[in-house]
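Colleague: File follows, my_file31.cif with mmCIF, C-alpha atoms:
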```
data_run
loop_
_atom_site.label_atom_id
_atom_site.label_comp_id
_atom_site.auth_asym_id
_atom_site.auth_seq_id
_atom_site.Cartn_x
_atom_site.Cartn_y
_atom_site.Cartn_z
CA MET A 1429 27.11 -14.40 -0.47
CA PHE A 1430 28.74 -16.15 -3.46
CA ASP A 1431 29.79 -19.36 -1.68
CA VAL A 1432 26.42 -21.06 -2.16
CA LEU A 1433 26.58 -20.54 -5.92
CA TYR A 1434 30.19 -21.72 -6.09
CA GLN A 1435 29.32 -24.91 -4.22
CA HIS A 1436 26.29 -25.48 -6.43
CA ILE A 1437 28.31 -25.09 -9.62
CA SER A 1438 31.21 -27.18 -8.28
CA LYS A 1439 28.89 -30.09 -7.56
CA LYS A 1440 28.09 -30.35 -11.26
CA VAL A 1441 31.10 -29.01 -13.18
CA SER A 1442 34.61 -27.83 -12.54
CA ILE A 1443 35.65 -24.23 -13.20
CA THR A 1444 38.92 -22.34 -12.77
CA PRO A 1445 39.39 -19.51 -10.20
CA LYS A 1446 39.55 -17.04 -13.09
CA GLU A 1447 36.27 -18.30 -14.52
CA TRP A 1448 34.67 -18.08 -11.08
CA GLU A 1449 35.88 -14.50 -10.71
CA PHE A 1450 34.31 -13.69 -14.07
CA ILE A 1451 30.97 -15.18 -12.98
CA THR A 1452 30.92 -13.12 -9.77
CA GLN A 1453 31.47 -9.98 -11.81
CA GLN A 1454 28.31 -10.65 -13.84
CA CYS A 1455 25.74 -11.20 -11.10
CA ILE A 1456 23.80 -8.61 -9.15
CA PRO A 1457 23.63 -9.20 -5.38
CA LYS A 1458 20.29 -8.23 -3.89
CA LYS A 1459 18.70 -8.58 -0.50
CA ILE A 1460 14.93 -8.57 -0.17
CA ARG A 1461 12.69 -8.68 2.82
CA LYS A 1462 9.87 -11.04 3.66
CA LYS A 1463 6.81 -10.40 1.45
CA GLN A 1464 8.78 -8.12 -0.90
CA TYR A 1465 8.45 -8.77 -4.65
CA LEU A 1466 11.26 -9.62 -7.03
CA LEU A 1467 8.91 -9.88 -9.99
CA GLN A 1468 5.29 -9.02 -10.64
CA ALA A 1469 3.07 -10.51 -13.33
CA GLY A 1470 2.97 -8.23 -16.36
CA ASP A 1471 6.48 -6.84 -15.81
CA LYS A 1472 9.55 -7.68 -17.84
CA ALA A 1473 11.27 -10.77 -16.45
CA GLU A 1474 14.76 -9.27 -16.40
CA PHE A 1475 16.51 -11.87 -14.30
CA SER A 1476 17.24 -15.47 -13.64
CA ILE A 1477 17.48 -15.71 -9.87
CA PHE A 1478 19.77 -17.80 -7.67
CA VAL A 1479 18.88 -17.93 -3.95
CA THR A 1480 21.87 -17.78 -1.56
CA LYS A 1481 19.81 -17.39 1.62
CA GLY A 1482 16.12 -17.46 2.50
CA CYS A 1483 13.11 -18.63 0.54
CA LEU A 1484 11.18 -17.37 -2.49
CA ARG A 1485 8.02 -18.55 -4.20
CA SER A 1486 6.64 -18.03 -7.69
CA TYR A 1487 2.89 -18.01 -8.22
CA SER A 1488 0.08 -16.88 -10.46
CA VAL A 1489 -3.17 -15.26 -9.38
CA ASP A 1490 -6.45 -16.29 -11.00
CA VAL A 1491 -9.43 -14.07 -11.82
CA ALA A 1492 -10.96 -14.82 -8.43
CA GLY A 1493 -7.79 -13.54 -6.77
CA GLU A 1494 -6.64 -16.97 -5.65
CA GLU A 1495 -2.91 -17.68 -5.61
CA HIS A 1496 -1.49 -20.79 -7.28
CA ILE A 1497 2.08 -21.52 -6.21
CA VAL A 1498 4.26 -22.97 -8.93
CA GLN A 1499 7.62 -23.18 -7.20
CA PHE A 1500 9.46 -22.60 -3.95
CA ALA A 1501 13.17 -21.82 -3.95
CA LEU A 1502 15.43 -22.25 -0.95
CA GLU A 1503 19.20 -21.70 -0.70
CA GLY A 1504 20.95 -23.18 -3.72
CA TRP A 1505 17.88 -23.10 -5.97
CA TRP A 1506 17.28 -21.21 -9.19
CA ILE A 1507 13.94 -19.52 -9.79
CA GLY A 1508 12.42 -17.16 -12.33
CA ASP A 1509 9.72 -16.87 -14.93
CA THR A 1510 11.79 -18.85 -17.43
CA SER A 1511 9.30 -18.61 -20.26
CA ALA A 1512 9.04 -14.81 -19.98
CA PHE A 1513 12.80 -14.52 -19.45
CA LEU A 1514 13.55 -16.45 -22.65
CA THR A 1515 10.82 -14.98 -24.85
CA ASN A 1516 10.90 -11.39 -23.58
CA GLU A 1517 7.14 -11.54 -23.05
CA PRO A 1518 5.58 -10.03 -19.91
CA ALA A 1519 5.88 -12.23 -16.82
CA SER A 1520 2.97 -14.53 -15.97
CA PHE A 1521 4.15 -15.12 -12.43
CA ASN A 1522 4.83 -13.15 -9.31
CA ILE A 1523 7.94 -13.91 -7.29
CA ASP A 1524 8.15 -12.79 -3.68
CA ALA A 1525 10.00 -13.64 -0.48
CA ILE A 1526 8.59 -15.96 2.16
CA GLU A 1527 11.56 -15.10 4.41
CA ASP A 1528 14.18 -12.35 4.35
CA THR A 1529 16.19 -13.49 1.36
CA GLU A 1530 19.50 -12.91 -0.40
CA VAL A 1531 19.82 -13.59 -4.11
CA LEU A 1532 22.14 -13.25 -7.07
CA LEU A 1533 20.42 -11.89 -10.18
CA PHE A 1534 21.56 -12.73 -13.71
CA GLU A 1535 20.47 -10.67 -16.70
CA SER A 1536 20.10 -12.47 -20.02
CA GLN A 1537 23.05 -10.50 -21.43
CA SER A 1538 25.21 -11.48 -18.44
CA LEU A 1539 24.35 -15.16 -18.82
CA ASP A 1540 25.31 -14.99 -22.50
CA MET A 1541 28.64 -13.44 -21.55
CA ILE A 1542 29.25 -16.17 -18.97
CA PHE A 1543 28.39 -18.85 -21.55
CA ASP A 1544 30.98 -17.29 -23.88
CA HIS A 1545 33.72 -17.03 -21.25
CA VAL A 1546 32.99 -20.11 -19.16
CA PRO A 1547 32.01 -23.06 -21.38
CA MET A 1548 31.47 -25.30 -18.35
CA PHE A 1549 28.77 -22.95 -17.11
CA GLU A 1550 26.73 -23.81 -20.19
CA ARG A 1551 27.07 -27.48 -19.27
CA TYR A 1552 26.05 -26.60 -15.69
CA MET A 1553 22.93 -24.88 -17.01
CA ARG A 1554 22.11 -27.82 -19.28
CA LEU A 1555 22.31 -30.18 -16.32
CA LEU A 1556 20.03 -27.88 -14.33
CA LEU A 1557 17.50 -27.74 -17.15
CA GLN A 1558 17.54 -31.53 -17.47
CA GLY A 1559 16.91 -31.87 -13.74
CA ASN A 1560 14.19 -29.27 -13.96
CA TYR A 1561 12.50 -31.12 -16.84
CA VAL A 1562 12.49 -34.40 -14.91
CA ALA A 1563 11.07 -32.72 -11.79
CA MET A 1564 8.35 -30.98 -13.79
CA HIS A 1565 7.41 -34.20 -15.51
CA LYS A 1566 7.16 -36.04 -12.19
CA ARG A 1567 5.04 -33.23 -10.78
CA LEU A 1568 2.71 -33.36 -13.76
CA VAL A 1569 2.28 -37.12 -13.42
CA SER A 1570 1.69 -36.72 -9.70
CA ALA A 1571 -0.88 -33.96 -10.29
CA ILE A 1572 -2.99 -36.04 -12.67
CA SER A 1573 -2.62 -39.53 -11.26
CA THR A 1574 -2.20 -39.48 -7.48
CA THR A 1575 -4.49 -38.79 -4.55
CA ALA A 1576 -4.21 -35.69 -2.39
CA GLU A 1577 -2.70 -37.76 0.41
CA GLU A 1578 -0.11 -39.29 -1.91
CA LYS A 1579 0.82 -35.83 -3.21
CA TYR A 1580 1.33 -34.59 0.34
CA LEU A 1581 3.40 -37.61 1.37
CA ARG A 1582 5.55 -37.33 -1.74
CA MET A 1583 6.25 -33.70 -1.04
CA GLN A 1584 7.05 -34.42 2.58
CA LYS A 1585 9.58 -37.02 1.49
CA GLN A 1586 11.07 -35.00 -1.36
CA TYR A 1587 11.21 -31.52 0.18
CA PRO A 1588 11.36 -31.81 4.00
CA ASP A 1589 13.05 -28.37 4.29
CA ILE A 1590 10.21 -26.67 2.45
CA MET A 1591 7.65 -28.42 4.66
CA GLN A 1592 9.44 -27.03 7.73
CA ARG A 1593 9.80 -23.46 6.53
CA VAL A 1594 6.70 -22.72 4.45
CA PRO A 1595 3.21 -22.02 5.89
CA GLN A 1596 0.66 -24.79 5.41
CA HIS A 1597 -1.69 -22.73 3.24
CA MET A 1598 1.17 -22.25 0.76
CA ILE A 1599 1.92 -25.97 0.76
CA ALA A 1600 -1.77 -26.53 -0.01
CA SER A 1601 -1.62 -24.05 -2.87
CA TYR A 1602 1.50 -25.73 -4.29
CA LEU A 1603 -0.22 -29.13 -4.18
CA GLY A 1604 -3.39 -27.74 -5.73
CA LEU A 1605 -5.43 -28.45 -2.59
CA LYS A 1606 -7.76 -26.37 -0.46
CA PRO A 1607 -6.19 -25.55 2.94
CA GLU A 1608 -8.98 -27.43 4.69
CA THR A 1609 -8.27 -30.54 2.59
CA LEU A 1610 -4.60 -30.39 3.57
CA SER A 1611 -5.57 -29.91 7.20
CA ARG A 1612 -7.82 -33.00 7.01
CA ILE A 1613 -5.00 -35.07 5.45
CA ARG A 1614 -2.56 -33.97 8.15
CA LYS A 1615 -5.04 -34.89 10.89
CA LYS A 1616 -5.67 -38.30 9.31
CA LEU A 1617 -1.95 -39.02 8.98
CA ALA A 1618 -1.36 -37.95 12.58
CA SER A 1619 -4.15 -40.22 13.88
CA ASP A 1620 -2.90 -43.13 11.68
CA LYS A 1621 0.52 -42.72 13.28
CA ALA A 1622 -0.95 -42.73 16.77
CA MET B 556 7.27 -2.77 -10.41
CA LYS B 557 9.10 0.34 -9.18
CA LYS B 558 12.82 -0.04 -8.59
CA THR B 559 14.09 0.40 -5.04
CA ILE B 560 16.42 3.37 -4.78
CA ALA B 561 19.10 3.81 -2.14
CA VAL B 562 20.22 7.32 -1.31
CA ILE B 563 23.78 7.42 -0.09
CA GLY B 564 25.99 10.33 0.87
CA SER B 565 25.36 13.80 2.20
CA SER B 566 22.18 15.81 2.15
CA ASN B 567 21.71 19.51 1.49
CA HIS B 568 18.72 21.60 0.53
CA SER B 569 18.91 21.02 -3.23
CA ASP B 570 19.21 17.23 -2.80
CA THR B 571 15.69 16.95 -1.51
CA THR B 572 14.13 17.72 -4.88
CA ILE B 573 15.15 14.45 -6.54
CA VAL B 574 14.37 12.37 -3.48
CA SER B 575 10.97 14.00 -2.87
CA ARG B 576 9.92 13.61 -6.48
CA LEU B 577 10.95 9.95 -6.55
CA ALA B 578 8.98 9.29 -3.39
CA ALA B 579 5.95 11.11 -4.78
CA LEU B 580 6.00 8.76 -7.79
CA GLY B 581 6.01 5.70 -5.54
CA TYR B 582 9.66 4.67 -5.75
CA PRO B 583 10.63 2.88 -2.53
CA LEU B 584 13.51 4.86 -1.01
CA LEU B 585 16.17 3.68 1.41
CA LEU B 586 18.07 6.51 3.08
CA ALA B 587 21.49 5.65 4.42
CA ASP B 588 22.29 8.52 6.72
CA GLN B 589 20.59 10.10 9.75
CA LYS B 590 21.18 13.46 8.07
CA TRP B 591 18.27 12.57 5.81
CA GLU B 592 15.82 12.30 8.72
CA SER B 593 14.36 15.77 8.16
CA VAL B 594 13.96 15.03 4.45
CA LYS B 595 12.16 11.80 5.30
CA GLN B 596 9.77 13.62 7.64
CA CYS B 597 9.15 16.28 5.03
CA ILE B 598 8.36 13.65 2.34
CA LEU B 599 6.01 11.77 4.65
CA LYS B 600 4.16 14.99 5.48
CA GLN B 601 3.55 15.62 1.78
CA HIS B 602 3.05 12.01 0.70
CA ALA B 603 1.71 9.93 3.54
CA ASN B 604 1.87 6.70 1.51
CA ALA B 605 5.45 7.16 0.34
CA SER B 606 7.79 4.29 1.06
CA VAL B 607 10.77 5.98 2.71
CA GLU B 608 12.96 4.22 5.17
CA MET B 609 16.08 5.09 7.09
CA LEU B 610 18.50 2.19 7.42
CA ASP B 611 21.54 3.98 8.81
CA CYS B 612 23.88 1.63 6.94
CA SER B 613 25.00 2.37 3.41
CA HIS B 614 26.03 -1.25 2.77
CA GLU B 615 22.57 -2.55 3.71
CA CYS B 616 20.83 0.17 1.65
CA ALA B 617 22.93 -0.56 -1.42
CA TRP B 618 22.39 -4.30 -1.04
CA GLN B 619 18.61 -3.94 -0.96
CA ALA B 620 18.48 -1.37 -3.77
CA ASP B 621 18.27 -1.66 -7.54
CA VAL B 622 19.59 1.85 -8.16
CA ILE B 623 21.92 3.89 -5.95
CA LEU B 624 21.87 7.68 -5.83
CA LEU B 625 25.31 8.71 -4.68
CA TYR B 626 25.69 12.19 -3.25
CA HIS B 627 29.26 13.21 -2.73
CA SER B 628 30.47 13.83 0.76
CA GLU B 629 33.98 14.17 2.11
CA GLU B 630 33.95 10.51 3.02
CA TYR B 631 32.62 9.17 -0.25
CA LEU B 632 35.71 7.04 -0.94
CA LYS B 633 35.09 5.19 2.32
CA LEU B 634 31.43 4.84 1.32
CA LEU B 635 32.34 3.29 -2.01
CA GLU B 636 34.60 0.80 -0.28
CA LYS B 637 31.71 -0.14 2.03
CA ILE B 638 29.20 -0.78 -0.73
CA LYS B 639 31.59 -2.21 -3.32
CA ASN B 640 30.67 -5.89 -2.95
CA VAL B 641 26.89 -5.37 -3.15
CA VAL B 642 26.63 -3.05 -6.16
CA THR B 643 27.92 -5.27 -8.97
CA GLY B 644 25.70 -4.75 -12.02
CA LYS B 645 23.67 -1.98 -10.36
CA ILE B 646 23.24 1.56 -11.63
CA ILE B 647 25.07 4.13 -9.54
CA VAL B 648 23.81 7.65 -10.23
CA ASN B 649 26.76 9.77 -9.28
CA ILE B 650 25.47 13.26 -8.55
CA VAL B 651 28.43 15.57 -8.93
CA SER B 652 29.36 19.14 -9.59
CA ASP B 653 32.31 18.25 -11.78
CA LEU B 654 32.01 15.76 -14.62
CA LYS B 655 35.78 15.28 -14.78
CA ASN B 656 35.43 13.12 -11.71
CA LYS B 657 35.98 9.58 -12.98
CA ASP B 658 37.13 7.72 -9.91
CA VAL B 659 33.72 6.29 -9.01
CA GLN B 660 33.69 4.06 -12.10
CA ASP B 661 37.31 3.12 -11.46
CA LEU B 662 36.52 2.16 -7.89
CA LEU B 663 33.33 0.30 -8.82
CA PRO B 664 34.42 -1.32 -12.09
CA PHE B 665 31.53 -3.78 -12.21
CA SER B 666 28.77 -1.26 -11.54
CA LYS B 667 27.08 0.91 -14.15
CA VAL B 668 28.11 4.39 -13.09
CA VAL B 669 26.21 7.30 -14.60
CA HIS B 670 27.47 10.79 -13.76
CA THR B 671 24.89 13.55 -13.62
CA MET B 672 25.75 17.18 -13.17
CA ALA B 673 23.42 19.95 -12.05
CA ASP B 674 22.13 21.61 -8.95
CA PHE B 675 18.89 19.66 -8.83
CA THR B 676 16.58 22.31 -7.45
CA PRO B 677 12.95 22.69 -8.58
CA GLU B 678 14.12 25.57 -10.77
CA VAL B 679 16.75 23.62 -12.69
CA VAL B 680 15.84 23.20 -16.34
CA SER B 681 18.58 20.92 -17.59
CA TYR B 682 21.47 18.75 -16.54
CA THR B 683 24.39 16.91 -18.07
CA VAL B 684 24.73 13.15 -18.02
CA ARG B 685 27.61 10.84 -18.86
CA GLY B 686 28.37 7.16 -18.50
CA GLU B 687 30.16 4.24 -20.13
CA ASN B 688 27.11 1.98 -20.19
CA ASN B 689 24.59 3.31 -22.70
CA GLN B 690 21.71 1.24 -21.35
CA ALA B 691 22.29 2.60 -17.86
CA VAL B 692 22.50 6.17 -19.18
CA GLU B 693 19.17 5.65 -20.97
CA GLN B 694 17.57 4.32 -17.81
CA VAL B 695 18.79 7.29 -15.77
CA LEU B 696 17.55 9.72 -18.42
CA LEU B 697 14.13 8.02 -18.31
CA LEU B 698 14.04 8.14 -14.52
CA PHE B 699 15.00 11.81 -14.35
CA ASP B 700 12.61 12.64 -17.16
CA GLU B 701 9.86 10.96 -15.13
CA ILE B 702 10.57 13.25 -12.19
CA GLY B 703 10.62 16.35 -14.35
CA PHE B 704 14.28 16.95 -15.22
CA LYS B 705 15.22 17.20 -18.89
CA SER B 706 18.77 16.61 -20.02
CA ASN B 707 20.09 18.79 -22.80
CA GLN B 708 23.66 17.59 -22.73
CA ARG B 709 24.94 14.10 -22.96
CA ASN B 710 28.63 13.24 -22.92
CA ASN B 711 29.75 9.66 -23.38
#
```
Since I need it in another form, could you write the structure as structure tokens?

Modeller:
Amino acid sequence: MFDVLYQHISKKVSITPKEWEFITQQCIPKKIRKKQYLLQAGDKAEFSIFVTKGCLRSYSVDVAGEEHIVQFALEGWWIGDTSAFLTNEPASFNIDAIEDTEVLLFESQSLDMIFDHVPMFERYMRLLLQGNYVAMHKRLVSAISTTAEEKYLRMQKQYPDIMQRVPQHMIASYLGLKPETLSRIRKKLASDKA
Amino acid sequence: MKKTIAVIGSSNHSDTTIVSRLAALGYPLLLADQKWESVKQCILKQHANASVEMLDCSHECAWQADVILLYHSEEYLKLLEKIKNVVTGKIIVNIVSDLKNKDVQDLLPFSKVVHTMADFTPEVVSYTVRGENNQAVEQVLLLFDEIGFKSNQRNN
């Protein structure tokens, strides 16, 4: 349950066994089933979420009831409504499980305690945020300056695991495409290959 | 979003009041013992849309839950050992008849244990609550208030 987090932290910073023990005492283990919510828009975003098994997605729903997927999170990924979590405002996003999923939940208070007791964890978080900023920037550039086909190919290259595990209509939503557009692109790419 | 509540431990007639009222208000319930089967059927008869599920495994129930209602049975020490590694940071509502009982918090040092004392029948008008974590105590008071129980005694 905790191994995935330990490995993730250890890849970026080094912590002592005592510090690791302290971290495990601050996080809430939770198992959720496919389609179950961890957060609903309008609620308080109480947690920052680390996925140890399974797959989550965060998304907003527009006035027409259409879902817009913002992020997927597989094992070893962090997810949450960061803006709502940091500002204490109601959540803008829903987070639910695409597969049966196991997570570790961190309350804001718990993270502060970890930052106080484990200075390297703060560095770990900074590195995560930097990575997150770069990824978001690349996604923004891709969204405004590349074709639908290029977006799809980029995603295929960057996130092959997600492509394998997530239904196509969700991939389309993440890329900002209609499912039929994605289907057309896939057909074209398949015929180009043949 | 309603918190998922696991119900762990033994069942007797008075227990059903809390569980039934939580189900009526739409709290998803996970029942960890076959002894609760009749309670489940009774709830579903009264509230067809209630989310009540029997998992037959206290560890699994506690893992999936946000809040754990712990009813004391003879084997509750074994139960605590079973759920220990999946209840860190979670609220454990320890429903007891004697508030001197402190071993639950000692055995689950990283959970937020809140002791509540009363015979929770529909007739009960008040109960006593105690816990080391004030936020957790407040949340339990709110939850019990929502299902119609008022606390008139609070011991920290």

Colleague: Between B:Ile573, B:Val648, B:Ala578, B:Ile638, which is the closest to chain A once you count all atoms listed in the file?

Modeller: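 Of B:Ile573, B:Val648, B:Ala578, B:Ile638, the one nearest chain A, counting all atoms listed in the file, is B:Ile638.
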
Colleague: Given the choices B:Asn604, B:Asp588, B:Thr572, B:Ala620, which gets closest to Arg1461 (chain A) if the distance is worked out from only C-alpha atoms?

Modeller: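 Checking each candidate against Arg1461 (chain A), we get B:Ala620 as the closest.
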
Colleague: Report the distance between CA of Lys705 (chain B) and CA of His602 (chain B) in Å, rounded to one decimal place.

Modeller: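 Taking CA of Lys705 (chain B) as the start and CA of His602 (chain B) as the end point, the length is 23.6 Å.
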
Colleague: So that I can see what lies close to Ala579 (chain B), please list as a PDB file with C-alpha atoms, in the frame of the given file the residues with an atom at most 12 Å from it, counting only C-alpha atoms and leaving out residues fewer than 4 positions away in the same chain.

Modeller:
```pdb
ATOM      1  CA  THR B 571      15.690  16.950  -1.510  1.00  0.00           C
ATOM      2  CA  THR B 572      14.130  17.720  -4.880  1.00  0.00           C
ATOM      3  CA  ILE B 573      15.150  14.450  -6.540  1.00  0.00           C
ATOM      4  CA  VAL B 574      14.370  12.370  -3.480  1.00  0.00           C
ATOM      5  CA  SER B 575      10.970  14.000  -2.870  1.00  0.00           C
ATOM      6  CA  PRO B 583      10.630   2.880  -2.530  1.00  0.00           C
ATOM      7  CA  LEU B 584      13.510   4.860  -1.010  1.00  0.00           C
ATOM      8  CA  LYS B 595      12.160  11.800   5.300  1.00  0.00           C
ATOM      9  CA  CYS B 597       9.150  16.280   5.030  1.00  0.00           C
ATOM     10  CA  ILE B 598       8.360  13.650   2.340  1.00  0.00           C
ATOM     11  CA  LEU B 599       6.010  11.770   4.650  1.00  0.00           C
ATOM     12  CA  LYS B 600       4.160  14.990   5.480  1.00  0.00           C
ATOM     13  CA  GLN B 601       3.550  15.620   1.780  1.00  0.00           C
ATOM     14  CA  HIS B 602       3.050  12.010   0.700  1.00  0.00           C
ATOM     15  CA  ALA B 603       1.710   9.930   3.540  1.00  0.00           C
ATOM     16  CA  ASN B 604       1.870   6.700   1.510  1.00  0.00           C
ATOM     17  CA  ALA B 605       5.450   7.160   0.340  1.00  0.00           C
ATOM     18  CA  SER B 606       7.790   4.290   1.060  1.00  0.00           C
ATOM     19  CA  VAL B 607      10.770   5.980   2.710  1.00  0.00           C
ATOM     20  CA  GLU B 701       9.860  10.960 -15.130  1.00  0.00           C
ATOM     21  CA  ILE B 702      10.570  13.250 -12.190  1.00  0.00           C
ATOM     22  CA  GLY B 703      10.620  16.350 -14.350  1.00  0.00           C
TER      23      GLY B 703
END
```

Colleague: By how many Å are CA of His627 (chain B) and CA of Glu615 (chain B) apart?

Modeller: 18.3 Å

Colleague: Find the spatial neighbours of Lys1459 (chain A), counting all atoms listed in the file, within a cut-off of 10 Å - ignore same-chain residues fewer than 3 positions away - and output them as a list in words.

Modeller: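 Here the answer would be Gln1464, Leu1466, Val1479, Thr1480, Lys1481, Gly1482, Asp1528, Thr1529, Glu1530, Val1531 and Leu1532 of chain A; Glu615, Cys616, Ala617, Trp618, Gln619, Ala620, Asp621 and Val641 of chain B.
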
Colleague: Running the PyMOL selection byres ((chain A) within 12 of (chain B)) on this model by hand, what would come out? Give it as an MDAnalysis selection string.

Modeller: chainID A and resid 1429:1430 1449:1461 1464:1475 1519 1522:1523 1528:1535 1537:1538

Colleague: Check which residues satisfy the PyMOL selection byres ((chain B and resi 565) around 12) in the file shown, then give them as number ranges by chain.

Modeller: B: 562-564, 566-571, 586-592, 594, 613, 624-631, 634, 650-651

Colleague: Specify the axis-aligned box that encloses all atoms of region 577-588 of chain B listed in the file after padding of 6 Å on each side, stating its centre and edge lengths in Å to one decimal as JSON.

Modeller:
```
{"center_x": 14.1, "center_y": 7.0, "center_z": -0.5, "size_x": 28.3, "size_y": 20.2, "size_z": 26.5}
```

Colleague: Separation of CA of Val1491 (chain A) and CA of Glu1527 (chain A), in Å?

Modeller: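 About the pair CA of Val1491 (chain A) and CA of Glu1527 (chain A): they are 26.6 Å apart.
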
Colleague: Could you list the residues chosen by the PyMOL selection byres ((chain A and resi 1446-1448) around 12) in this structure as a PyMOL selection string?

Modeller: chain A and resi 1430-1431+1433-1435+1437-1438+1441-1445+1449-1455+1541-1549

Colleague: Take region 635-650 of chain B, model N, CA and C atoms, and hand the result over as an mmCIF file, in the frame of the given file.

Modeller:
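Wrote it out as part_0.cif, contents follow:
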```
data_model
loop_
_atom_site.group_PDB
_atom_site.id
_atom_site.type_symbol
_atom_site.label_atom_id
_atom_site.label_comp_id
_atom_site.auth_asym_id
_atom_site.auth_seq_id
_atom_site.Cartn_x
_atom_site.Cartn_y
_atom_site.Cartn_z
ATOM 1 N N LEU B 635 32.249 4.185 -0.857
ATOM 2 C CA LEU B 635 32.340 3.290 -2.010
ATOM 3 C C LEU B 635 32.966 1.952 -1.609
ATOM 4 N N GLU B 636 33.948 2.023 -0.749
ATOM 5 C CA GLU B 636 34.600 0.800 -0.280
ATOM 6 C C GLU B 636 33.589 -0.082 0.458
ATOM 7 N N LYS B 637 32.718 0.592 1.253
ATOM 8 C CA LYS B 637 31.710 -0.140 2.030
ATOM 9 C C LYS B 637 30.703 -0.867 1.158
ATOM 10 N N ILE B 638 30.295 -0.215 0.075
ATOM 11 C CA ILE B 638 29.200 -0.780 -0.730
ATOM 12 C C ILE B 638 29.684 -1.638 -1.896
ATOM 13 N N LYS B 639 30.989 -1.598 -2.130
ATOM 14 C CA LYS B 639 31.590 -2.210 -3.320
ATOM 15 C C LYS B 639 31.070 -3.627 -3.648
ATOM 16 N N ASN B 640 31.000 -4.494 -2.648
ATOM 17 C CA ASN B 640 30.670 -5.890 -2.950
ATOM 18 C C ASN B 640 29.170 -6.159 -3.111
ATOM 19 N N VAL B 641 28.337 -5.137 -2.963
ATOM 20 C CA VAL B 641 26.890 -5.370 -3.150
ATOM 21 C C VAL B 641 26.301 -4.532 -4.288
ATOM 22 N N VAL B 642 27.166 -3.906 -5.077
ATOM 23 C CA VAL B 642 26.630 -3.050 -6.160
ATOM 24 C C VAL B 642 27.038 -3.524 -7.552
ATOM 25 N N THR B 643 27.581 -4.719 -7.642
ATOM 26 C CA THR B 643 27.920 -5.270 -8.970
ATOM 27 C C THR B 643 26.664 -5.264 -9.839
ATOM 28 N N GLY B 644 26.807 -4.733 -11.054
ATOM 29 C CA GLY B 644 25.700 -4.750 -12.020
ATOM 30 C C GLY B 644 24.627 -3.715 -11.770
ATOM 31 N N LYS B 645 24.725 -2.972 -10.666
ATOM 32 C CA LYS B 645 23.670 -1.980 -10.360
ATOM 33 C C LYS B 645 24.038 -0.603 -10.914
ATOM 34 N N ILE B 646 23.004 0.193 -11.150
ATOM 35 C CA ILE B 646 23.240 1.560 -11.630
ATOM 36 C C ILE B 646 23.574 2.455 -10.443
ATOM 37 N N ILE B 647 24.694 3.154 -10.558
ATOM 38 C CA ILE B 647 25.070 4.130 -9.540
ATOM 39 C C ILE B 647 24.901 5.509 -10.184
ATOM 40 N N VAL B 648 23.968 6.294 -9.700
ATOM 41 C CA VAL B 648 23.810 7.650 -10.230
ATOM 42 C C VAL B 648 24.695 8.559 -9.388
ATOM 43 N N ASN B 649 25.769 8.975 -9.986
ATOM 44 C CA ASN B 649 26.760 9.770 -9.280
ATOM 45 C C ASN B 649 26.442 11.251 -9.475
ATOM 46 N N ILE B 650 25.903 11.859 -8.432
ATOM 47 C CA ILE B 650 25.470 13.260 -8.550
ATOM 48 C C ILE B 650 26.627 14.158 -8.160
#
```
